[in-house]
Each structure stands twice: as C-alpha cells, then as structure tokens.
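Shown below: target.csv, with CSV, C-alpha atoms.
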chain,number,residue,atom,x,y,z
A,1,MET,CA,-15.9,-66.5,-44.3
A,2,ALA,CA,-14.3,-69.7,-45.7
A,3,VAL,CA,-12.4,-72.0,-43.3
A,4,PRO,CA,-9.0,-71.6,-45.1
A,5,THR,CA,-9.3,-67.8,-45.1
A,6,PHE,CA,-10.1,-67.8,-41.3
A,7,LEU,CA,-7.2,-70.1,-40.5
A,8,ASN,CA,-4.9,-67.7,-42.4
A,9,ARG,CA,-5.6,-64.9,-39.9
A,10,ASN,CA,-2.6,-63.4,-38.0
A,11,VAL,CA,-1.9,-64.8,-34.6
A,12,SER,CA,-1.6,-61.2,-33.4
A,13,ASP,CA,-5.4,-61.2,-33.4
A,14,LEU,CA,-5.3,-63.5,-30.5
A,15,CYS,CA,-2.9,-61.3,-28.5
A,16,ILE,CA,-5.3,-58.5,-27.8
A,17,GLY,CA,-5.5,-58.0,-24.1
A,18,LYS,CA,-2.8,-60.5,-23.3
A,19,PRO,CA,-0.5,-59.5,-20.4
A,20,ALA,CA,3.2,-59.1,-21.1
A,21,LEU,CA,5.4,-61.9,-19.9
A,22,LYS,CA,7.3,-61.6,-16.6
A,23,PRO,CA,10.7,-63.0,-17.5
A,24,LEU,CA,13.0,-65.1,-15.4
A,25,SER,CA,16.7,-65.7,-16.3
A,26,VAL,CA,17.7,-69.2,-17.0
A,27,ALA,CA,20.6,-68.6,-14.5
A,28,ALA,CA,18.1,-68.0,-11.7
A,29,THR,CA,17.6,-70.5,-8.9
A,30,VAL,CA,14.5,-72.5,-8.2
A,31,SER,CA,13.9,-70.4,-5.1
A,32,GLU,CA,13.9,-67.2,-7.2
A,33,ALA,CA,11.4,-68.9,-9.5
A,34,LEU,CA,9.2,-69.6,-6.5
A,35,THR,CA,9.3,-66.0,-5.4
A,36,LEU,CA,8.2,-64.8,-8.9
A,37,LEU,CA,5.5,-67.4,-9.0
A,38,ASN,CA,4.1,-66.4,-5.7
A,39,LYS,CA,4.0,-62.7,-6.7
A,40,SER,CA,2.3,-63.5,-10.0
A,41,ASN,CA,-1.3,-64.3,-10.7
A,42,GLU,CA,-0.2,-66.5,-13.6
A,43,PRO,CA,0.5,-70.3,-13.0
A,44,HIS,CA,3.6,-70.2,-15.2
A,45,VAL,CA,6.7,-68.0,-15.5
A,46,SER,CA,8.7,-67.6,-18.7
A,47,VAL,CA,12.4,-68.5,-18.6
A,48,TRP,CA,14.8,-66.6,-20.9
A,49,SER,CA,18.3,-67.1,-22.0
A,50,CYS,CA,19.4,-63.7,-20.7
A,51,ASP,CA,18.9,-61.8,-17.4
A,52,HIS,CA,16.0,-59.4,-17.5
A,53,SER,CA,16.4,-58.5,-13.9
A,54,LYS,CA,19.4,-56.3,-14.6
A,55,ASN,CA,18.7,-52.7,-15.6
A,56,VAL,CA,20.2,-52.1,-19.0
A,57,LEU,CA,20.8,-48.4,-19.7
A,58,GLU,CA,19.6,-46.9,-23.0
A,59,GLY,CA,22.1,-47.6,-25.7
A,60,GLU,CA,24.4,-49.5,-23.4
A,61,CYS,CA,23.9,-52.9,-24.9
A,62,GLU,CA,21.7,-54.9,-27.2
A,63,CYS,CA,21.0,-58.1,-25.2
A,64,GLN,CA,19.5,-60.6,-27.6
A,65,CYS,CA,17.6,-63.3,-25.9
A,66,ARG,CA,15.0,-66.0,-26.4
A,67,CYS,CA,12.4,-67.7,-24.2
A,68,VAL,CA,13.8,-71.1,-23.6
A,69,GLY,CA,11.0,-72.6,-21.4
A,70,LYS,CA,8.5,-72.1,-18.7
A,71,ILE,CA,8.3,-73.0,-15.0
A,72,CYS,CA,5.3,-73.6,-12.8
A,73,MET,CA,4.7,-75.0,-9.4
A,74,VAL,CA,4.2,-78.5,-10.8
A,75,ASP,CA,7.9,-78.5,-11.9
A,76,VAL,CA,9.0,-77.5,-8.4
A,77,ILE,CA,6.8,-80.1,-6.7
A,78,CYS,CA,8.0,-82.9,-8.9
A,79,PHE,CA,11.6,-81.8,-8.4
A,80,LEU,CA,11.3,-81.8,-4.6
A,81,CYS,CA,9.7,-85.2,-4.6
A,82,LYS,CA,12.8,-86.8,-6.0
A,83,ASN,CA,14.7,-88.9,-3.4
A,84,GLU,CA,17.9,-86.9,-3.7
A,85,ASN,CA,16.0,-83.6,-3.0
A,86,SER,CA,13.6,-84.6,-0.2
A,87,ASP,CA,16.4,-85.0,2.4
A,88,ASN,CA,17.6,-81.4,1.8
A,89,PRO,CA,14.9,-79.3,0.1
A,90,SER,CA,16.6,-76.0,1.0
A,91,LYS,CA,19.7,-77.0,-1.0
A,92,ALA,CA,17.5,-78.3,-3.8
A,93,LEU,CA,15.8,-74.9,-4.0
A,94,GLU,CA,19.2,-73.3,-4.7
A,95,THR,CA,19.5,-75.4,-7.9
A,96,SER,CA,19.6,-73.6,-11.2
A,97,VAL,CA,16.2,-73.3,-12.7
A,98,SER,CA,17.6,-74.7,-15.9
A,99,GLN,CA,17.8,-78.1,-14.2
A,100,ILE,CA,14.1,-78.4,-13.8
A,101,LEU,CA,12.9,-77.0,-17.1
A,102,PRO,CA,10.6,-79.5,-18.9
A,103,LYS,CA,12.7,-81.3,-21.5
A,104,GLY,CA,12.1,-80.7,-25.2
A,105,ASN,CA,12.7,-77.7,-27.4
A,106,LEU,CA,9.1,-77.6,-28.5
A,107,ILE,CA,7.5,-76.7,-25.2
A,108,VAL,CA,7.8,-73.0,-26.1
A,109,ARG,CA,8.4,-71.6,-29.5
A,110,HIS,CA,8.8,-68.0,-30.8
A,111,LEU,CA,6.4,-67.0,-33.5
A,112,ALA,CA,6.1,-63.8,-35.5
A,113,PRO,CA,2.9,-61.7,-35.0
A,114,ASN,CA,2.1,-62.0,-38.7
A,115,SER,CA,2.2,-65.8,-38.7
A,116,SER,CA,-1.0,-67.5,-39.4
A,117,LEU,CA,-3.4,-69.2,-37.0
A,118,LEU,CA,-2.8,-72.4,-39.1
A,119,GLU,CA,0.9,-72.2,-38.3
A,120,ALA,CA,0.1,-71.8,-34.6
A,121,ILE,CA,-2.1,-74.9,-34.7
A,122,ASP,CA,0.5,-76.9,-36.5
A,123,TYR,CA,3.1,-76.1,-33.9
A,124,ILE,CA,0.8,-77.0,-31.1
A,125,LEU,CA,0.1,-80.4,-32.8
A,126,GLU,CA,3.9,-80.9,-32.9
A,127,GLY,CA,4.0,-80.5,-29.1
A,128,THR,CA,4.3,-76.8,-28.4
A,129,GLN,CA,2.5,-75.6,-25.3
A,130,ASN,CA,3.2,-71.8,-25.5
A,131,LEU,CA,3.7,-69.6,-28.5
A,132,VAL,CA,5.8,-66.6,-27.7
A,133,ILE,CA,4.6,-63.5,-29.6
A,134,PRO,CA,6.1,-60.0,-29.7
A,135,VAL,CA,3.4,-57.4,-28.9
A,136,GLN,CA,2.9,-53.8,-29.8
A,137,ASN,CA,4.5,-51.5,-27.2
A,138,TYR,CA,4.3,-47.8,-26.5
A,139,ILE,CA,7.5,-45.8,-25.9
A,140,GLY,CA,7.5,-42.1,-25.2
A,141,GLY,CA,3.8,-41.9,-26.1
A,142,LYS,CA,4.4,-43.2,-29.6
A,143,SER,CA,3.2,-46.5,-30.9
A,144,ARG,CA,5.9,-49.0,-31.8
A,145,LYS,CA,4.8,-51.6,-34.4
A,146,THR,CA,5.3,-55.2,-33.9
A,147,GLN,CA,8.5,-56.5,-35.4
A,148,SER,CA,8.9,-58.2,-38.7
A,149,LYS,CA,9.3,-62.0,-38.9
A,150,SER,CA,13.1,-61.8,-38.9
A,151,SER,CA,13.5,-59.5,-36.0
A,152,SER,CA,10.7,-60.9,-33.8
A,153,LEU,CA,12.8,-63.8,-32.8
A,154,SER,CA,15.0,-61.9,-30.4
A,155,CYS,CA,14.5,-59.0,-28.0
A,156,LYS,CA,16.8,-56.0,-27.4
A,157,HIS,CA,16.3,-54.5,-24.0
A,158,ARG,CA,16.9,-50.9,-25.0
A,159,ASP,CA,14.1,-51.3,-27.6
A,160,GLY,CA,11.6,-52.1,-24.8
A,161,ILE,CA,10.1,-55.1,-26.7
A,162,GLU,CA,7.5,-57.0,-24.7
A,163,TYR,CA,6.2,-60.5,-25.4
A,164,CYS,CA,3.0,-62.3,-24.6
A,165,TRP,CA,2.3,-66.0,-25.1
A,166,LEU,CA,-0.6,-68.0,-26.5
A,167,THR,CA,-1.7,-71.3,-25.0
A,168,GLN,CA,-3.7,-74.1,-26.4
A,169,GLU,CA,-6.6,-72.8,-24.4
A,170,ASP,CA,-6.3,-69.4,-26.1
A,171,VAL,CA,-6.5,-70.9,-29.5
A,172,ILE,CA,-9.5,-73.1,-28.6
A,173,ARG,CA,-11.3,-70.1,-27.1
A,174,PHE,CA,-10.7,-68.1,-30.2
A,175,LEU,CA,-12.0,-70.9,-32.4
A,176,LEU,CA,-15.1,-71.2,-30.3
A,177,ASN,CA,-15.9,-67.5,-30.8
A,178,PHE,CA,-16.2,-68.2,-34.5
A,179,ILE,CA,-17.6,-71.7,-34.2
A,180,GLY,CA,-20.3,-71.1,-36.9
A,181,ILE,CA,-17.7,-71.0,-39.6
A,182,PHE,CA,-16.8,-74.6,-39.0
A,183,SER,CA,-20.4,-76.0,-39.0
A,184,PRO,CA,-21.6,-78.7,-39.3
A,185,ILE,CA,-18.6,-80.7,-38.1
A,186,THR,CA,-18.6,-79.1,-34.7
A,187,THR,CA,-22.0,-80.8,-33.9
A,188,SER,CA,-20.5,-84.2,-34.6
A,189,SER,CA,-19.9,-86.6,-31.7
A,190,ILE,CA,-16.4,-86.9,-30.4
A,191,GLU,CA,-16.7,-90.6,-31.0
A,192,SER,CA,-17.5,-90.2,-34.7
A,193,LEU,CA,-14.6,-87.7,-35.0
A,194,ASN,CA,-12.2,-90.4,-33.5
A,195,ILE,CA,-10.6,-88.0,-31.0
A,196,ILE,CA,-11.1,-90.0,-27.8
A,197,TYR,CA,-7.6,-90.9,-26.5
A,198,CYS,CA,-7.8,-94.2,-24.7
A,199,ASN,CA,-4.2,-94.7,-23.5
A,200,VAL,CA,-4.7,-92.7,-20.3
A,201,MET,CA,-2.8,-92.7,-17.1
A,202,THR,CA,-4.6,-94.0,-13.9
A,203,ILE,CA,-4.0,-94.6,-10.3
A,204,ARG,CA,-6.2,-96.4,-7.7
A,205,TYR,CA,-7.8,-94.3,-5.0
A,206,TYR,CA,-6.0,-96.1,-2.2
A,207,GLU,CA,-2.5,-96.3,-3.8
A,208,PRO,CA,0.3,-94.0,-2.7
A,209,ALA,CA,0.2,-90.8,-4.7
A,210,MET,CA,4.0,-91.0,-5.0
A,211,SER,CA,3.6,-94.0,-7.2
A,212,ALA,CA,2.0,-91.7,-9.9
A,213,LEU,CA,4.9,-89.2,-9.9
A,214,ASP,CA,6.3,-90.4,-13.3
A,215,SER,CA,2.7,-90.3,-14.7
A,216,LEU,CA,2.2,-86.8,-13.2
A,217,THR,CA,5.4,-85.6,-14.8
A,218,LEU,CA,4.3,-87.0,-18.2
A,219,ALA,CA,0.8,-85.5,-17.8
A,220,HIS,CA,2.4,-82.1,-17.1
A,221,VAL,CA,4.3,-82.3,-20.5
A,222,GLU,CA,1.3,-83.7,-22.4
A,223,GLN,CA,-1.1,-81.3,-20.7
A,224,THR,CA,-3.4,-84.1,-19.5
A,225,SER,CA,-4.1,-85.5,-16.0
A,226,VAL,CA,-3.8,-88.7,-14.0
A,227,ALA,CA,-7.2,-90.3,-13.4
A,228,VAL,CA,-8.0,-91.6,-9.9
A,229,VAL,CA,-10.2,-94.7,-10.2
A,230,ASP,CA,-11.7,-97.4,-8.0
A,231,ASP,CA,-11.2,-101.2,-8.5
A,232,LEU,CA,-13.9,-101.2,-11.2
A,233,ASP,CA,-12.2,-98.4,-13.2
A,234,ARG,CA,-14.9,-95.9,-12.3
A,235,LEU,CA,-13.6,-92.4,-12.3
A,236,ILE,CA,-13.4,-90.7,-8.8
A,237,GLY,CA,-11.3,-87.7,-9.5
A,238,GLU,CA,-8.1,-86.5,-11.2
A,239,ILE,CA,-4.6,-85.4,-10.1
A,240,SER,CA,-4.3,-82.5,-12.5
A,241,PRO,CA,-1.2,-80.4,-13.2
A,242,SER,CA,-3.7,-77.5,-13.7
A,243,THR,CA,-4.7,-77.8,-10.1
A,244,LEU,CA,-1.3,-78.5,-8.7
A,245,ALA,CA,0.0,-75.4,-10.4
A,246,TYR,CA,-2.0,-73.3,-7.9
A,247,CYS,CA,-0.6,-75.1,-4.8
A,248,ASP,CA,2.5,-74.2,-3.0
A,249,GLU,CA,5.8,-76.1,-2.8
A,250,THR,CA,4.6,-77.9,0.4
A,251,ALA,CA,2.3,-80.0,-1.9
A,252,ALA,CA,5.4,-82.1,-2.5
A,253,ALA,CA,5.2,-83.4,1.0
A,254,ALA,CA,1.5,-84.4,0.4
A,255,VAL,CA,2.5,-86.2,-2.8
A,256,MET,CA,5.2,-88.1,-0.9
A,257,THR,CA,3.0,-89.1,2.0
A,258,LEU,CA,-0.7,-89.3,1.1
A,259,SER,CA,-2.8,-91.8,-0.9
A,260,ALA,CA,-4.1,-90.6,-4.2
A,261,GLY,CA,-7.6,-90.2,-2.7
A,262,ASP,CA,-6.3,-88.1,0.2
A,263,LEU,CA,-4.2,-86.0,-2.2
A,264,LEU,CA,-7.4,-85.1,-4.1
A,265,ALA,CA,-8.8,-83.5,-1.0
A,266,TYR,CA,-5.4,-81.9,-0.1
A,267,ILE,CA,-5.0,-80.0,-3.4
A,268,ASP,CA,-8.7,-79.1,-3.8
A,269,CYS,CA,-9.2,-75.4,-4.0
A,270,GLY,CA,-9.5,-73.4,-0.8
A,271,GLY,CA,-6.3,-74.9,0.7
A,272,PRO,CA,-5.6,-78.3,2.4
A,273,PRO,CA,-7.8,-79.4,5.3
A,274,GLU,CA,-6.1,-79.2,8.7
A,275,ASP,CA,-6.5,-82.9,9.4
A,276,LEU,CA,-4.6,-83.8,6.3
A,277,VAL,CA,-1.9,-81.3,7.0
A,278,ASP,CA,-1.5,-83.0,10.4
A,279,LEU,CA,-1.4,-86.4,8.8
A,280,VAL,CA,1.3,-85.3,6.4
A,281,LYS,CA,3.4,-84.0,9.3
A,282,VAL,CA,3.1,-87.2,11.2
A,283,ILE,CA,4.2,-89.3,8.2
A,284,LEU,CA,7.1,-87.0,7.5
A,285,GLN,CA,8.3,-87.5,11.0
A,286,GLU,CA,7.9,-91.3,10.6
A,287,LYS,CA,10.0,-91.2,7.4
A,288,LYS,CA,12.6,-89.0,9.1
A,289,LEU,CA,12.1,-86.2,6.6
A,290,GLY,CA,12.7,-83.4,9.1
A,291,ALA,CA,14.0,-80.9,6.5
A,292,LEU,CA,10.8,-81.2,4.4
A,293,LEU,CA,8.8,-80.9,7.6
A,294,GLU,CA,10.6,-77.7,8.5
A,295,LEU,CA,9.9,-76.3,5.0
A,296,MET,CA,6.3,-77.2,5.4
A,297,ASP,CA,6.0,-75.5,8.8
A,298,GLU,CA,7.8,-72.4,7.5
A,299,GLU,CA,5.5,-72.0,4.5
A,300,LEU,CA,2.3,-72.6,6.6
A,301,SER,CA,3.6,-70.0,9.1
A,302,LEU,CA,4.1,-67.5,6.3
A,303,SER,CA,0.6,-68.2,4.9
A,304,SER,CA,-0.9,-67.8,8.4
A,305,SER,CA,0.8,-64.5,9.1
A,306,SER,CA,-0.4,-63.1,5.8
A,307,SER,CA,-4.0,-64.2,6.4
A,308,CYS,CA,-6.8,-61.7,7.0
A,309,SER,CA,-8.5,-61.7,10.4
A,310,VAL,CA,-11.7,-62.7,8.6
A,311,SER,CA,-11.5,-65.5,6.0
A,312,SER,CA,-14.0,-65.8,3.2
A,313,TYR,CA,-14.5,-68.6,0.8
A,314,SER,CA,-16.8,-69.0,-2.1
A,315,SER,CA,-17.1,-71.5,-4.9
A,316,ASP,CA,-19.0,-71.7,-8.1
A,317,ASP,CA,-20.0,-75.4,-8.3
A,318,GLU,CA,-21.1,-75.1,-11.9
A,319,LEU,CA,-17.8,-73.8,-13.1
A,320,GLY,CA,-15.6,-75.6,-10.5
A,321,VAL,CA,-13.6,-72.5,-9.9
A,322,CYS,CA,-12.8,-71.4,-6.4
A,323,ARG,CA,-11.9,-68.0,-4.8
A,324,ASN,CA,-10.6,-67.8,-1.4
A,325,ASN,CA,-9.1,-65.1,0.8
A,326,ASN,CA,-7.6,-67.2,3.5
A,327,GLY,CA,-4.0,-66.0,2.9
A,328,SER,CA,-2.8,-69.1,0.9
A,329,GLY,CA,-2.4,-67.2,-2.3
A,330,ARG,CA,-1.4,-70.1,-4.4
A,331,TYR,CA,-4.8,-71.8,-3.9
A,332,SER,CA,-6.7,-68.7,-5.0
A,333,SER,CA,-8.4,-69.1,-8.4
A,334,ALA,CA,-7.5,-72.8,-8.4
A,335,ARG,CA,-9.5,-75.4,-10.3
A,336,ARG,CA,-11.3,-78.0,-8.2
A,337,ALA,CA,-9.8,-81.5,-8.2
A,338,GLU,CA,-13.2,-82.8,-9.5
A,339,ALA,CA,-12.8,-84.5,-12.9
A,340,ILE,CA,-14.7,-83.0,-15.8
A,341,THR,CA,-16.5,-85.6,-17.8
A,342,CYS,CA,-18.5,-86.2,-21.0
A,343,HIS,CA,-19.8,-89.2,-23.0
A,344,PRO,CA,-18.9,-90.6,-26.4
A,345,ASN,CA,-21.9,-89.1,-28.0
A,346,SER,CA,-21.1,-85.6,-26.7
A,347,SER,CA,-20.7,-83.1,-29.5
A,348,LEU,CA,-17.3,-81.4,-30.2
A,349,VAL,CA,-18.7,-78.0,-29.4
A,350,ALA,CA,-20.1,-79.2,-26.1
A,351,VAL,CA,-16.8,-80.6,-25.1
A,352,MET,CA,-15.0,-77.4,-26.1
A,353,ILE,CA,-17.4,-75.4,-23.9
A,354,GLN,CA,-17.0,-77.7,-21.0
A,355,ALA,CA,-13.2,-77.6,-21.1
A,356,LEU,CA,-13.1,-73.8,-21.4
A,357,ALA,CA,-15.6,-73.2,-18.7
A,358,HIS,CA,-13.7,-75.4,-16.2
A,359,ARG,CA,-10.2,-74.3,-17.4
A,360,ALA,CA,-9.4,-77.9,-18.1
A,361,SER,CA,-7.0,-79.0,-20.9
A,362,SER,CA,-8.7,-82.4,-21.2
A,363,VAL,CA,-12.1,-83.9,-20.6
A,364,TRP,CA,-12.7,-87.5,-19.4
A,365,VAL,CA,-14.9,-89.7,-21.5
A,366,MET,CA,-17.1,-92.1,-19.6
A,367,HIS,CA,-19.5,-95.0,-20.1
A,368,GLU,CA,-23.0,-94.6,-18.6
A,369,ASP,CA,-21.8,-96.7,-15.5
A,370,ASN,CA,-19.0,-94.1,-14.9
A,371,THR,CA,-16.3,-96.5,-16.0
A,372,LEU,CA,-13.5,-94.7,-17.8
A,373,ILE,CA,-13.1,-94.8,-21.6
A,374,GLY,CA,-10.4,-92.2,-22.2
A,375,CYS,CA,-10.1,-88.5,-22.6
A,376,VAL,CA,-10.4,-85.7,-25.2
A,377,THR,CA,-7.5,-83.2,-25.2
A,378,PHE,CA,-7.1,-79.7,-26.7
A,379,LYS,CA,-4.7,-81.2,-29.2
A,380,GLY,CA,-7.3,-83.7,-30.2
A,381,ILE,CA,-9.8,-81.0,-30.8
A,382,LEU,CA,-7.3,-78.9,-32.8
A,383,LYS,CA,-6.7,-81.9,-35.1
A,384,VAL,CA,-10.3,-81.6,-36.2
A,385,PHE,CA,-10.0,-78.0,-37.1
A,386,ARG,CA,-6.7,-78.6,-38.8
A,387,SER,CA,-8.3,-81.3,-41.0
A,388,LEU,CA,-10.7,-78.7,-42.3
A,389,ALA,CA,-7.9,-76.7,-43.9
A,390,ASN,CA,-6.8,-77.3,-47.5
A,391,ALA,CA,-4.4,-80.2,-48.0
A,392,ARG,CA,-1.8,-77.9,-49.4
A,393,PRO,CA,-0.1,-75.4,-47.0
A,394,ILE,CA,-1.6,-71.9,-46.8
A,395,THR,CA,1.0,-69.5,-48.2
A,396,ARG,CA,1.2,-65.9,-47.2
Take the structure in the file and write it out as structure tokens.
Amino acid sequence: MAVPTFLNRNVSDLCIGKPALKPLSVAATVSEALTLLNKSNEPHVSVWSCDHSKNVLEGECECQCRCVGKICMVDVICFLCKNENSDNPSKALETSVSQILPKGNLIVRHLAPNSSLLEAIDYILEGTQNLVIPVQNYIGGKSRKTQSKSSSLSCKHRDGIEYCWLTQEDVIRFLLNFIGIFSPITTSSIESLNIIYCNVMTIRYYEPAMSALDSLTLAHVEQTSVAVVDDLDRLIGEISPSTLAYCDETAAAAVMTLSAGDLLAYIDCGGPPEDLVDLVKVILQEKKLGALLELMDEELSLSSSSSCSVSSYSSDDELGVCRNNNGSGRYSSARRAEAITCHPNSSLVAVMIQALAHRASSVWVMHEDNTLIGCVTFKGILKVFRSLANARPITR
C-alpha cells in the first residue's frame, strides 16, 4: 500500500474499541470534575457546552452541544497552587470548571468519522491534543451509522449519539502497527531526521518545585515534561503531566512545599512515601496554609478508609508502569517518574516503541555522559510521517 493511500484512511478505523466519552458540563464546578475524575479510569474528562447530566426525555428537546475542552488532575493541581487559591482551596474547588480549562481553541477539535488520517495528523501538528469523533451506536438493537460530516459536529441527546476521542498516542500506535509501509525512513536516526527539540524546560534537583509551576503548565499544554537535572545538566528524572494526572489534588501541597527532587519521589507510582507526606504537612503548618493541610488530611483519610486490609503492589521495571491496590486510586496505573531516554543515533521506530511502551508523550535525548540534549515528542514524530505524503493535499 502506498503511503498517500494509507494516510487517506478514515479516522474511524482508529476508533474501534475506544470507550465513549464521559461528558462534564462546562457549568460544573472543579469539585464536580474531581468527583468524575476519581470515578473514571481515564486521566482526562471531556467538557461540553451543554449539561449531559440532565435526563432529556425522548423527543423533549434537541440539545446541540460541542466538546469545548478537557480537564485532568494536572489542571486542578496547577489551579490550587496559585496564591489566591492556596489560602482557601475549598472555595477554589467551587469555581466553574470553565475557569481552569486549558486556553486555546485547538486543544480539542471535532472531526467527522470519514475524515482522513492525514487530516487528523495536520490538526495535531497545529496543536490539537484530542480529536472528538462520533462513534457508531446501537439503539433498540439496531445499528445506527456514524453521522455525516455536517451532522457530526453536534450531538442531539434524544438521538443517543456517543463520542470517543483520539490522542496523539493513538495515532502513533496506529502508525506503528503498519510501520513497514513507511520503510526505510523509520530506521533513520532521530538526529538525521532533525526532530530533536532542544529548547526544553529544566529545573535543578534541589530547587523548589513551585518554581517550575509555569513550566509545568506549559508542558501540560505542549504535552512534554519538565526535566530535573543536576548542576552538570545530567538528567535525574522528570516532572511529567502524564504522572501528575494520576495523582490526587493533594499533590498541589507537594508542589508548593517540596524540592523538585523530593517531588519526584512523592509523585512516583504507588503513592507518596509517609516521610514525605509528614514533611509536606510540617511545611504547610510553617507557611500557615491550614486550609490546604485540612484538605490533605481529609483526602488521606478517605484514601485510608477505602484501603483494603491487605495492600499489594507490583511494578514492571521494564515498562515503568505500576499497579497498586493500596486504596489511593489516583495512583493506580500511573507512570513512574523515571525519565525515558534515548540517544541521537536511536532510530525513529525505536523511539516510537519506547514512547508507547512507557506511555510517554516525549522521550529525552542524552549524550553518552547523561547530559541532556533535548527531547523527541509525538508531534515531532508525526512531522516525519506527514512529510511522506504528497505535497498537494489529499482530496476525498
């Protein structure tokens, strides 16, 4: 199969087996978003312009709506870390979720199921993180076909339309499944393909984690991470939004009180060590952040009460993915805080496999002495595949 023909495949091919989105109204509070996040196995919740929580009777109304963004625990953590919210986190949690939506209209974008894979790649390269696709649904035992391009951009509750979304990772994984089509460029080194991004965000191991808050917010939008380095610019670890997304809201207290190095241990999968939890509490008391301390105690108490009498913990060191049954649900299935690395001569396909195996949206590029060069992102990888398409747009 020729590359242009492959890239002209429908994006609906990527939606097979994808779960339907659990919608949250843009009018909901941050607290309501937290509740939905804690009930979900997914790190993100879709935010919609209408209220899906209301039961709409058949034929009563046609509530057209759009997905206007997404919320994850990283948004909540960064929001609580702001000075105006740390004094009264309970009040902050009653803020409308619209106030903490990542800025930019391109974060999520609706796309018709018969749009091409090439279109999806183009939108991702423009900055889109999630592509919202209507999926085939079943009503009354009869199959309902996916909507046409014009009608797929809104949903009518009475029609029972469901949506899924595609991420950059989904697209990369799909391309990897057909990697032979793109040979031989996929065996080229990332250095020769010029996809190493060198303008990365870093923080010293001993510096306050709070000093990287702006960088963390930017990394969340750009789907990268903040590198934790020593004085010789050798990579020690990373503060990754992908890891923070599986923490709970009390991680805000850790960001505000710990050094970057201690934060790495705090957010590592399996839940925070008790000694660091105690340290965070002491510093919160010293800073007179009693309200945040109360929030932390309440969350830890809830986690403790929901724990099983016997805890079990296992990790797969090769994949860097942890499973734990200690009651702290947000830490289950979390990525380790350990940075995933490669070298300039690593092949494109090797880096793709690394990123997907570790559920990492970027891979750090190192010199032989472990000093940091830069990183390779999913967007950088997709640029290579996009360059293989014909110069003229593919028409349908």
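Interatomic distance, CA of Ala245 (chain A) against CA of Val282 (chain A): 24.8 Å.
Coordinates place CA of Glu42 (chain A) at a distance of 17.7 Å from CA of Val171 (chain A).
With all atoms listed in the file as the atoms that count, the residue of A:Val45, A:Ala2, A:Leu382, A:Ala357 with the shortest distance to Ser183 (chain A) is A:Ala2.
By only C-alpha atoms, and with residues fewer than 6 positions from Ser49 (chain A) along its chain excluded, the set lying at most 7 Å from it is Ser25, Val26, Cys65, Arg66, Cys67 and Val68 of chain A.
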Atoms kept (C-alpha atoms) for selection, written as an mmCIF file, in the frame of the given file:
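File selection_33.cif, as written:
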data_model
loop_
_atom_site.group_PDB
_atom_site.id
_atom_site.type_symbol
_atom_site.label_atom_id
_atom_site.label_comp_id
_atom_site.auth_asym_id
_atom_site.auth_seq_id
_atom_site.Cartn_x
_atom_site.Cartn_y
_atom_site.Cartn_z
ATOM 1 C CA SER A 25 16.700 -65.700 -16.300
ATOM 2 C CA VAL A 26 17.700 -69.200 -17.000
ATOM 3 C CA CYS A 65 17.600 -63.300 -25.900
ATOM 4 C CA ARG A 66 15.000 -66.000 -26.400
ATOM 5 C CA CYS A 67 12.400 -67.700 -24.200
ATOM 6 C CA VAL A 68 13.800 -71.100 -23.600
#
Could you tell me which of A:Leu292, A:Ser116, A:Pro4, A:Leu166 comes closest to Gly17 (chain A) if we count all atoms listed in the file? A:Leu166
Mind giving me the straight-line distance from CA of Ile196 (chain A) to CA of Ser242 (chain A) in Å, one decimal? 20.2 Å
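Neighbouring residues of region 94-96 of chain A at 7 Å or closer, counting only C-alpha atoms and skipping chain neighbours under 6 positions away, are Ala27, Ala28, Thr29, Val30 and Ser31 of chain A.
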Counting all atoms listed in the file, the residue among A:Leu300, A:Pro273, A:Glu169, A:Asp278 that lies closest to Ala360 (chain A) is A:Glu169
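Closest approach to Pro113 (chain A) among A:Lys39, A:Lys91, A:Arg9, A:Lys287 is made by A:Arg9 (distances from only C-alpha atoms).
With distances restricted to only C-alpha atoms, A:Lys281 is the closest residue to Met296 (chain A) from A:Lys103, A:His110, A:Arg386, A:Lys281.
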For Ala350 (chain A), list every protein, DNA or RNA residue within 12 Å, evaluated using all atoms listed in the file, and leave out those in the same chain fewer than 4 positions away; present the list as JSON, numbers by chain. {"A": [176, 179, 186, 187, 188, 189, 190, 341, 342, 343, 344, 345, 346, 354, 355, 356, 357, 363, 376, 381]}
